[in-house]
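Heads up, query_28.tsv below (TSV, C-alpha atoms):
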chain	number	residue	atom	x	y	z
P	1	MET	CA	-19.73	-18.67	-10.38
P	2	GLU	CA	-18.63	-15.29	-11.73
P	3	ARG	CA	-14.96	-14.49	-11.19
P	4	PRO	CA	-14.62	-12.14	-8.17
P	5	ALA	CA	-12.77	-8.86	-8.48
P	6	LEU	CA	-12.94	-8.38	-4.72
P	7	GLU	CA	-13.60	-10.88	-1.97
P	8	ILE	CA	-13.85	-10.10	1.74
P	9	ALA	CA	-13.95	-13.03	4.13
P	10	ASP	CA	-14.94	-12.77	7.82
P	11	LEU	CA	-13.38	-9.30	8.11
P	12	THR	CA	-13.25	-7.65	11.53
P	13	LYS	CA	-11.86	-4.37	12.80
P	14	THR	CA	-11.79	-3.31	16.45
P	15	PHE	CA	-10.81	-0.01	18.06
P	16	GLY	CA	-10.09	-0.81	21.69
P	17	GLY	CA	-13.28	-2.46	22.88
P	18	VAL	CA	-15.37	-1.21	19.95
P	19	LEU	CA	-16.14	-3.70	17.18
P	20	ALA	CA	-16.50	-1.44	14.12
P	21	VAL	CA	-16.59	-4.21	11.49
P	22	ASP	CA	-18.09	-7.46	12.68
P	23	HIS	CA	-17.14	-10.55	10.63
P	24	VAL	CA	-18.22	-9.11	7.26
P	25	SER	CA	-18.04	-11.28	4.14
P	26	LEU	CA	-18.64	-9.86	0.67
P	27	ARG	CA	-18.04	-11.10	-2.87
P	28	VAL	CA	-18.04	-8.63	-5.77
P	29	PRO	CA	-17.74	-10.18	-9.26
P	30	VAL	CA	-15.85	-8.46	-12.06
P	31	GLY	CA	-17.84	-5.63	-13.59
P	32	ARG	CA	-20.50	-5.39	-10.88
P	33	ARG	CA	-21.79	-2.11	-9.44
P	34	HIS	CA	-22.19	-2.97	-5.75
P	35	ALA	CA	-23.40	-0.48	-3.12
P	36	LEU	CA	-22.87	-0.45	0.64
P	37	ILE	CA	-25.59	1.39	2.54
P	38	GLY	CA	-26.49	1.82	6.18
P	39	PRO	CA	-26.82	4.46	8.89
P	40	ASN	CA	-23.88	6.58	10.04
P	41	GLY	CA	-21.57	4.52	12.22
P	42	ALA	CA	-22.46	1.25	10.49
P	43	GLY	CA	-18.79	0.57	9.64
P	44	LYS	CA	-18.90	1.32	5.91
P	45	THR	CA	-15.87	3.60	5.64
P	46	THR	CA	-13.88	1.47	8.10
P	47	LEU	CA	-14.55	-1.50	5.84
P	48	PHE	CA	-13.37	0.56	2.84
P	49	ASN	CA	-10.20	1.51	4.72
P	50	CYS	CA	-9.42	-2.15	5.40
P	51	VAL	CA	-10.01	-3.05	1.74
P	52	ALA	CA	-7.85	-0.18	0.46
P	53	GLY	CA	-5.03	-0.84	2.93
P	54	THR	CA	-5.40	2.42	4.85
P	55	MET	CA	-6.10	0.33	7.96
P	56	ALA	CA	-5.04	-3.18	8.85
P	57	PRO	CA	-7.99	-5.41	9.79
P	58	THR	CA	-8.05	-7.14	13.15
P	59	GLY	CA	-9.07	-10.39	11.49
P	60	GLY	CA	-10.29	-11.90	8.26
P	61	ARG	CA	-9.01	-11.72	4.68
P	62	VAL	CA	-9.16	-9.38	1.66
P	63	THR	CA	-8.58	-10.86	-1.80
P	64	LEU	CA	-8.17	-8.80	-4.97
P	65	PHE	CA	-8.45	-10.72	-8.26
P	66	GLY	CA	-7.55	-13.94	-6.48
P	67	GLN	CA	-4.51	-12.48	-4.65
P	68	ASP	CA	-4.51	-12.17	-0.86
P	69	VAL	CA	-3.79	-8.48	-0.17
P	70	THR	CA	-4.80	-8.44	3.52
P	71	ARG	CA	-1.34	-7.31	4.69
P	72	LEU	CA	-0.28	-5.58	1.48
P	73	ALA	CA	0.59	-1.86	1.65
P	74	GLU	CA	-1.82	0.65	0.11
P	75	PRO	CA	0.50	1.64	-2.80
P	76	ARG	CA	0.96	-2.03	-3.71
P	77	ARG	CA	-2.80	-2.49	-3.89
P	78	ALA	CA	-3.01	0.56	-6.16
P	79	CYS	CA	-0.47	-1.04	-8.49
P	80	LEU	CA	-2.69	-4.14	-8.63
P	81	GLY	CA	-5.54	-1.99	-9.94
P	82	LEU	CA	-7.36	-0.75	-6.82
P	83	ALA	CA	-8.35	2.93	-6.68
P	84	ARG	CA	-10.53	4.89	-4.28
P	85	THR	CA	-12.07	8.25	-3.52
P	86	TYR	CA	-12.71	9.74	-0.07
P	87	GLN	CA	-15.60	11.35	1.80
P	88	ILE	CA	-13.47	14.50	2.15
P	89	THR	CA	-11.63	15.63	-0.98
P	90	ASN	CA	-7.93	14.82	-0.87
P	91	LEU	CA	-6.29	17.08	-3.47
P	92	PHE	CA	-3.34	19.47	-3.89
P	93	PRO	CA	-5.06	22.89	-3.85
P	94	GLY	CA	-1.97	24.83	-4.96
P	95	LEU	CA	-1.52	22.79	-8.14
P	96	THR	CA	-3.61	22.99	-11.28
P	97	THR	CA	-6.34	20.55	-12.17
P	98	LEU	CA	-4.11	18.97	-14.82
P	99	GLU	CA	-1.11	18.74	-12.47
P	100	ASN	CA	-3.23	16.82	-9.95
P	101	ALA	CA	-4.26	14.40	-12.70
P	102	LEU	CA	-0.63	14.02	-13.83
P	103	LEU	CA	0.41	13.01	-10.31
P	104	ALA	CA	-2.33	10.37	-10.25
P	105	VAL	CA	-1.07	8.90	-13.52
P	106	GLN	CA	2.59	8.97	-12.49
P	107	GLY	CA	1.82	7.35	-9.13
P	108	THR	CA	1.13	3.99	-10.77
P	109	THR	CA	4.00	4.05	-13.31
P	110	ARG	CA	7.78	3.85	-13.10
P	111	GLN	CA	7.98	7.50	-14.18
P	112	LYS	CA	7.64	8.57	-10.57
P	113	TRP	CA	11.29	7.57	-10.12
P	114	VAL	CA	12.50	9.65	-13.11
P	115	LEU	CA	13.84	12.95	-11.77
P	116	HIS	CA	15.96	14.16	-14.70
P	117	ARG	CA	13.16	14.65	-17.26
P	118	PRO	CA	10.21	17.07	-17.09
P	119	VAL	CA	6.74	15.55	-17.05
P	120	GLY	CA	6.05	17.26	-20.38
P	121	ALA	CA	8.49	14.84	-22.00
P	122	PHE	CA	6.08	11.95	-21.37
P	123	ARG	CA	3.40	12.33	-24.02
P	124	GLU	CA	1.41	9.29	-22.92
P	125	THR	CA	1.24	10.57	-19.34
P	126	LEU	CA	-0.09	13.94	-20.50
P	127	ASP	CA	-2.66	12.24	-22.74
P	128	ARG	CA	-3.90	9.95	-19.95
P	129	ALA	CA	-4.28	12.88	-17.55
P	130	ALA	CA	-6.13	14.95	-20.15
P	131	GLN	CA	-8.44	12.03	-20.97
P	132	ALA	CA	-9.31	11.57	-17.29
P	133	LEU	CA	-10.31	15.24	-17.04
P	134	GLU	CA	-12.32	14.97	-20.26
P	135	ARG	CA	-14.30	12.02	-18.88
P	136	VAL	CA	-15.58	14.06	-15.94
P	137	GLY	CA	-16.09	17.31	-17.87
P	138	LEU	CA	-13.13	19.19	-16.38
P	139	ALA	CA	-11.01	19.60	-19.54
P	140	PRO	CA	-11.87	23.34	-19.78
P	141	ARG	CA	-10.58	23.79	-16.21
P	142	ALA	CA	-7.26	21.99	-16.74
P	143	ALA	CA	-5.09	25.08	-16.15
P	144	GLU	CA	-7.13	26.31	-13.18
P	145	PRO	CA	-5.62	26.01	-9.67
P	146	VAL	CA	-7.64	23.55	-7.62
P	147	HIS	CA	-8.37	26.09	-4.88
P	148	ARG	CA	-10.45	28.01	-7.44
P	149	LEU	CA	-12.68	25.05	-8.28
P	150	SER	CA	-16.16	24.73	-6.83
P	151	TYR	CA	-16.90	21.95	-4.35
P	152	GLY	CA	-18.68	19.96	-7.05
P	153	GLU	CA	-15.74	20.35	-9.42
P	154	ARG	CA	-13.35	19.15	-6.73
P	155	ARG	CA	-15.45	16.02	-6.25
P	156	GLN	CA	-15.38	15.50	-10.00
P	157	LEU	CA	-11.59	15.95	-10.01
P	158	GLU	CA	-11.07	13.38	-7.26
P	159	PHE	CA	-13.09	10.93	-9.33
P	160	ALA	CA	-10.92	11.77	-12.36
P	161	LEU	CA	-7.77	11.03	-10.33
P	162	ALA	CA	-9.10	7.58	-9.47
P	163	LEU	CA	-9.89	6.90	-13.15
P	164	ALA	CA	-6.50	8.23	-14.28
P	165	SER	CA	-4.72	5.34	-12.56
P	166	ARG	CA	-6.54	2.88	-14.88
P	167	PRO	CA	-8.09	0.89	-12.04
P	168	ARG	CA	-9.61	-2.56	-12.31
P	169	THR	CA	-11.65	-1.99	-9.14
P	170	ILE	CA	-12.67	1.40	-7.78
P	171	LEU	CA	-14.01	2.24	-4.30
P	172	LEU	CA	-16.21	5.35	-4.20
P	173	ASP	CA	-16.86	6.72	-0.71
P	174	GLU	CA	-20.02	8.88	-0.86
P	175	PRO	CA	-19.31	10.39	-4.31
P	176	ALA	CA	-22.52	12.46	-4.26
P	177	ALA	CA	-22.16	13.80	-0.70
P	178	GLY	CA	-22.78	17.54	-0.43
P	179	LEU	CA	-23.38	18.05	-4.14
P	180	SER	CA	-26.09	20.16	-5.73
P	181	PRO	CA	-28.75	18.21	-7.67
P	182	ALA	CA	-27.07	19.15	-10.97
P	183	ASP	CA	-23.61	18.06	-9.79
P	184	ARG	CA	-25.08	14.90	-8.28
P	185	ASP	CA	-26.72	13.98	-11.58
P	186	ARG	CA	-23.47	14.69	-13.43
P	187	ILE	CA	-21.35	12.44	-11.23
P	188	ALA	CA	-23.99	9.69	-11.32
P	189	ARG	CA	-23.89	9.79	-15.13
P	190	THR	CA	-20.09	9.63	-15.05
P	191	ILE	CA	-20.17	6.56	-12.78
P	192	ALA	CA	-22.78	4.92	-15.02
P	193	GLN	CA	-20.46	5.38	-18.02
P	194	ILE	CA	-17.51	3.54	-16.43
P	195	PRO	CA	-16.71	0.53	-18.65
P	196	ARG	CA	-17.96	-2.79	-17.33
P	197	ASP	CA	-14.45	-4.22	-17.15
P	198	ILE	CA	-14.01	-1.95	-14.10
P	199	THR	CA	-15.69	-3.12	-10.88
P	200	VAL	CA	-17.33	-0.46	-8.70
P	201	LEU	CA	-17.99	-0.67	-4.96
P	202	LEU	CA	-19.60	2.46	-3.57
P	203	ILE	CA	-20.86	3.87	-0.30
P	204	GLU	CA	-23.71	6.31	-0.78
P	205	HIS	CA	-26.55	7.76	1.28
P	206	ASN	CA	-28.52	9.19	-1.62
P	207	MET	CA	-30.88	6.37	-2.48
P	208	ASP	CA	-31.75	7.80	-5.91
P	209	VAL	CA	-28.07	7.46	-6.84
P	210	VAL	CA	-27.81	3.98	-5.30
P	211	LEU	CA	-30.94	2.63	-6.94
P	212	GLY	CA	-29.95	4.13	-10.29
P	213	LEU	CA	-26.48	2.58	-10.31
P	214	ALA	CA	-26.28	-0.57	-8.18
P	215	ASP	CA	-26.71	-4.11	-9.46
P	216	ARG	CA	-26.59	-5.36	-5.89
P	217	ILE	CA	-26.77	-3.75	-2.44
P	218	THR	CA	-25.38	-4.77	0.95
P	219	VAL	CA	-26.86	-3.19	4.08
P	220	LEU	CA	-24.60	-2.75	7.11
P	221	HIS	CA	-25.79	-2.01	10.63
P	222	GLN	CA	-23.56	-1.82	13.72
P	223	GLY	CA	-20.70	-3.35	11.76
P	224	ARG	CA	-22.66	-6.38	10.53
P	225	VAL	CA	-24.30	-7.34	7.25
P	226	ILE	CA	-28.04	-7.51	7.87
P	227	THR	CA	-29.15	-8.16	4.29
P	228	GLU	CA	-27.90	-8.27	0.71
P	229	GLY	CA	-29.68	-8.50	-2.62
P	230	THR	CA	-30.89	-6.68	-5.69
P	231	PRO	CA	-32.26	-3.15	-5.22
P	232	ASP	CA	-35.83	-4.48	-5.27
P	233	GLU	CA	-35.02	-7.19	-2.74
P	234	VAL	CA	-33.36	-4.75	-0.36
P	235	ARG	CA	-36.22	-2.24	-0.62
P	236	ALA	CA	-38.65	-5.00	0.31
P	237	ASP	CA	-36.58	-6.34	3.21
P	238	PRO	CA	-38.27	-5.50	6.56
P	239	GLN	CA	-35.01	-5.26	8.49
P	240	ALA	CA	-33.42	-2.91	5.94
P	241	ARG	CA	-36.53	-0.72	6.03
P	242	GLU	CA	-36.49	-0.63	9.82
P	243	VAL	CA	-32.84	0.34	10.34
P	244	TYR	CA	-32.23	2.54	7.31
P	245	LEU	CA	-34.73	2.92	4.47
P	246	GLY	CA	-37.80	3.79	6.51
P	247	ALA	CA	-41.35	2.62	5.97
P	248	ALA	CA	-42.26	5.00	3.13
Mind turning the file's structure into structure tokens?
Amino acid sequence: MERPALEIADLTKTFGGVLAVDHVSLRVPVGRRHALIGPNGAGKTTLFNCVAGTMAPTGGRVTLFGQDVTRLAEPRRACLGLARTYQITNLFPGLTTLENALLAVQGTTRQKWVLHRPVGAFRETLDRAAQALERVGLAPRAAEPVHRLSYGERRQLEFALALASRPRTILLDEPAAGLSPADRDRIARTIAQIPRDITVLLIEHNMDVVLGLADRITVLHQGRVITEGTPDEVRADPQAREVYLGAA
């Protein structure tokens, strides 16, 4: 079997009497592009939060590259190579585009503890931040304050921040949500160009993006996995068509 980058075993998450994630198991091999789809309220983002460490699961196990990280803090998971983006952009609007990228780089290095030297003294840090902006087409906007960026550019920047940390696995939560067709195509191309040594797990409602990127798709409904397979297999699955894809 292919070596898993991420493995989720019998994961559950409850909020009071509500079972948001219902005994979900998922295995994502290294280098795969795996999509989670399903109607709103299916438990997709809650599952992401449990994988990233934002929430503690009620039960089950999360394993990252063979290491049990179920109770590990979110920053520790980031240091192991896990990065994520959010449905709602999570940036520092008063800082420049480059300064946001610099913080992302520093967050996973020991430089974050160095207070007596300016960030400009770390050439490698500056280079990594600049390269992350270049990859998403934001290099010309490096000196621009984030609050002046368009919505599409902010989504691109958040993606750049995730890449700047040099992740081994990246979780993308609706990367194309709210984007214009041109911005959506741009971010889909950027995701497609991620090297195959980086594993991608994404939540996305735009099926053109999903079908263009995913090697494998898992469909969630009411917190449970109802089917999993290749894009063609999922499109042909009657239950997936009934609860999410439609009959067309």
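Computed from the coordinates, the atom CA of P:Thr70 to atom CA of P:Asn49 distance equals 11.4 Å.
The interatomic distance for the pair atom CA of P:Val219 and atom CA of P:Ala73 works out to 27.6 Å.
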Tell me, as number ranges by chain, which residues lie within 8 Å of stretch 85-90 of chain P, counting only C-alpha atoms; anything in the same chain fewer than 5 positions away does not count.
P: 154-155, 158-159, 162, 171-175, 177
Considering only C-alpha atoms, return as an NGL selection string whatever protein or nucleic-acid residues lie within 10 Å of stretch 2-8 of chain P, sequence-local ones (same chain, fewer than 6 positions apart) excluded.
:P and (23-32 or 47 or 50-51 or 60-68 or 70 or 82 or 168-169 or 197-201)
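If all atoms listed in the file are the atoms counted, then among P:Ala42, P:Ala78, P:Ile37, P:Ile217 the closest residue to P:Arg166 is P:Ala78.
Closest to P:Phe92 among P:Ile187, P:Ala104, P:Val18, P:Ala132 is P:Ala104, based on only C-alpha atoms.
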Expressed in Å, the length from atom CA of P:Gly41 to atom CA of P:Ala20 is 8.1 Å
Considering only C-alpha atoms, can you say which of P:Glu233, P:Pro39, P:Arg186, P:Thr96 comes closest to P:Pro140?
P:Thr96
